[in-house]
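This report concerns only the one structure given below.
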Amino acid sequence: MRNYGTYQSLRNSSWHCLWDYGAESIPVDVLKIARKAEFRVIKNSSVDILLPSENGRSYFDGCRWHIIYDDTAPTERSRFTLAHELGHIFLGHELQYVKYSHTRQIRPSPISEQQANRFAARLLCPAFVLWEKKLYTAEEISRVCHVEMSVAAEREKRMAVLLERNCFLTNPLEKQLHERFFGKKS
């Protein structure tokens, strides 16, 4: 990890999102988070404004955040897209063209896209949950967290590092979330 401070910030932001919006189980309900945050979530099939290369878009209309997502995509992709757009919003990214932020499948990703992806992966697959449930392989992570294999494979790699370091439940917020998710003191 090149910048541990950035990593901690992304991880902590995902934990704050889980805490602030009442998440208590996996798969994490990203629609519930968006609703509690009073964001409007819109299926692209209702508005038809996403470009063919886009999975999602978020924008602020001056009063409220809106997230548009490709509802024809598989559920796992749609969940990640919504979590990714939440990442842009909660991480305070400046939006492209002032009004819109785009989720695209283009490599290499700009820094804000990478950060939103990492936020989304940590939101949908929190390490403390993977550790408690002993979900260490991409297949297990994908199945239980309802994420695509590519996301699960990245979390599998990160879990290997964390398991080697035995770095779990060292942060007060992580401990509180663990207790909320599993009903036991850490």
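The way I read the labels, and the way they are meant: chains A, B, ... in the order of the structure tokens, residue 1 as the first residue of every chain, and ligand 1 as the first ligand shown, with later ones counted on from there.
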
Using only C-alpha atoms, determine which residues lie at most 12 Å from Ala127 (chain A), disregarding the query and same-chain residues fewer than 6 positions distant; provide the list as a PyMOL selection string. chain A and resi 11-12+14-15+26+121+133-136+141+145+152+154-163+166-170+174-175+177-178

Which residues, written as number ranges by chain, have at least one atom at most 9 Å from Glu85 (chain A), with only C-alpha atoms counted and residues fewer than 3 positions away on the same chain left out? A: 56-58, 67-68, 80-82, 88-90, 101-103, 116-117, 120

Any idea what's packed within 12 Å of Thr72 (chain A), counting only C-alpha atoms, ignoring anything in its chain fewer than 5 positions away? Could you give it as an MDAnalysis selection string? chainID A and resid 43:46 48 50 52 54:56 77:79

Any chance you could export the current selection's N, CA, C and O atoms as a PDB file, in the first residue's frame?
ATOM      1  N   LYS A  43     -33.471   4.155 -11.635  1.00  0.00           N
ATOM      2  CA  LYS A  43     -33.117   3.125 -12.616  1.00  0.00           C
ATOM      3  C   LYS A  43     -32.954   3.796 -13.972  1.00  0.00           C
ATOM      4  O   LYS A  43     -33.804   4.598 -14.377  1.00  0.00           O
ATOM      5  N   ASN A  44     -31.889   3.458 -14.664  1.00  0.00           N
ATOM      6  CA  ASN A  44     -31.684   4.066 -15.982  1.00  0.00           C
ATOM      7  C   ASN A  44     -32.805   3.694 -16.948  1.00  0.00           C
ATOM      8  O   ASN A  44     -33.125   4.470 -17.843  1.00  0.00           O
ATOM      9  N   SER A  45     -33.429   2.543 -16.746  1.00  0.00           N
ATOM     10  CA  SER A  45     -34.533   2.157 -17.643  1.00  0.00           C
ATOM     11  C   SER A  45     -35.695   3.149 -17.557  1.00  0.00           C
ATOM     12  O   SER A  45     -36.510   3.234 -18.476  1.00  0.00           O
ATOM     13  N   SER A  46     -35.745   3.933 -16.479  1.00  0.00           N
ATOM     14  CA  SER A  46     -36.791   4.946 -16.323  1.00  0.00           C
ATOM     15  C   SER A  46     -36.441   6.275 -16.980  1.00  0.00           C
ATOM     16  O   SER A  46     -37.332   7.051 -17.306  1.00  0.00           O
ATOM     17  N   ASP A  48     -33.214   6.703 -19.137  1.00  0.00           N
ATOM     18  CA  ASP A  48     -32.398   6.475 -20.327  1.00  0.00           C
ATOM     19  C   ASP A  48     -31.395   7.607 -20.603  1.00  0.00           C
ATOM     20  O   ASP A  48     -31.407   8.213 -21.680  1.00  0.00           O
ATOM     21  N   LEU A  50     -27.873   7.199 -19.264  1.00  0.00           N
ATOM     22  CA  LEU A  50     -26.512   6.677 -19.187  1.00  0.00           C
ATOM     23  C   LEU A  50     -25.987   6.373 -20.584  1.00  0.00           C
ATOM     24  O   LEU A  50     -26.728   5.886 -21.447  1.00  0.00           O
ATOM     25  N   PRO A  52     -23.656   4.157 -23.192  1.00  0.00           N
ATOM     26  CA  PRO A  52     -23.434   2.705 -23.224  1.00  0.00           C
ATOM     27  C   PRO A  52     -22.241   2.253 -22.374  1.00  0.00           C
ATOM     28  O   PRO A  52     -22.242   1.149 -21.852  1.00  0.00           O
ATOM     29  N   GLU A  54     -21.372   3.540 -19.499  1.00  0.00           N
ATOM     30  CA  GLU A  54     -21.573   3.906 -18.099  1.00  0.00           C
ATOM     31  C   GLU A  54     -22.381   2.864 -17.338  1.00  0.00           C
ATOM     32  O   GLU A  54     -23.359   2.334 -17.849  1.00  0.00           O
ATOM     33  N   ASN A  55     -21.964   2.641 -16.102  1.00  0.00           N
ATOM     34  CA  ASN A  55     -22.732   1.799 -15.185  1.00  0.00           C
ATOM     35  C   ASN A  55     -23.589   2.656 -14.267  1.00  0.00           C
ATOM     36  O   ASN A  55     -24.615   2.211 -13.774  1.00  0.00           O
ATOM     37  N   GLY A  56     -23.139   3.888 -14.010  1.00  0.00           N
ATOM     38  CA  GLY A  56     -23.866   4.755 -13.105  1.00  0.00           C
ATOM     39  C   GLY A  56     -23.412   6.183 -13.208  1.00  0.00           C
ATOM     40  O   GLY A  56     -22.405   6.498 -13.849  1.00  0.00           O
ATOM     41  N   ARG A  77     -23.296  -6.330 -10.076  1.00  0.00           N
ATOM     42  CA  ARG A  77     -22.736  -5.129 -10.710  1.00  0.00           C
ATOM     43  C   ARG A  77     -23.523  -3.905 -10.252  1.00  0.00           C
ATOM     44  O   ARG A  77     -22.956  -2.878  -9.941  1.00  0.00           O
ATOM     45  N   SER A  78     -24.846  -4.001 -10.214  1.00  0.00           N
ATOM     46  CA  SER A  78     -25.676  -2.866  -9.784  1.00  0.00           C
ATOM     47  C   SER A  78     -25.376  -2.476  -8.344  1.00  0.00           C
ATOM     48  O   SER A  78     -25.280  -1.287  -8.022  1.00  0.00           O
ATOM     49  N   ARG A  79     -25.211  -3.469  -7.473  1.00  0.00           N
ATOM     50  CA  ARG A  79     -24.886  -3.182  -6.069  1.00  0.00           C
ATOM     51  C   ARG A  79     -23.549  -2.450  -5.969  1.00  0.00           C
ATOM     52  O   ARG A  79     -23.416  -1.478  -5.234  1.00  0.00           O
TER      53      ARG A  79
END

Of the candidates A:Thr137, A:Phe128, A:Leu10, A:Asp70, which shows the shortest atom-to-atom distance to Ile49 (chain A), using only C-alpha atoms?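 With only C-alpha atoms as the atom set, the closest residue is A:Asp70.
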
Taking into account only C-alpha atoms, which residue in the set A:Glu164, A:Pro172, A:Leu51, A:Trp65 is nearest to Ala37 (chain A)? A:Trp65
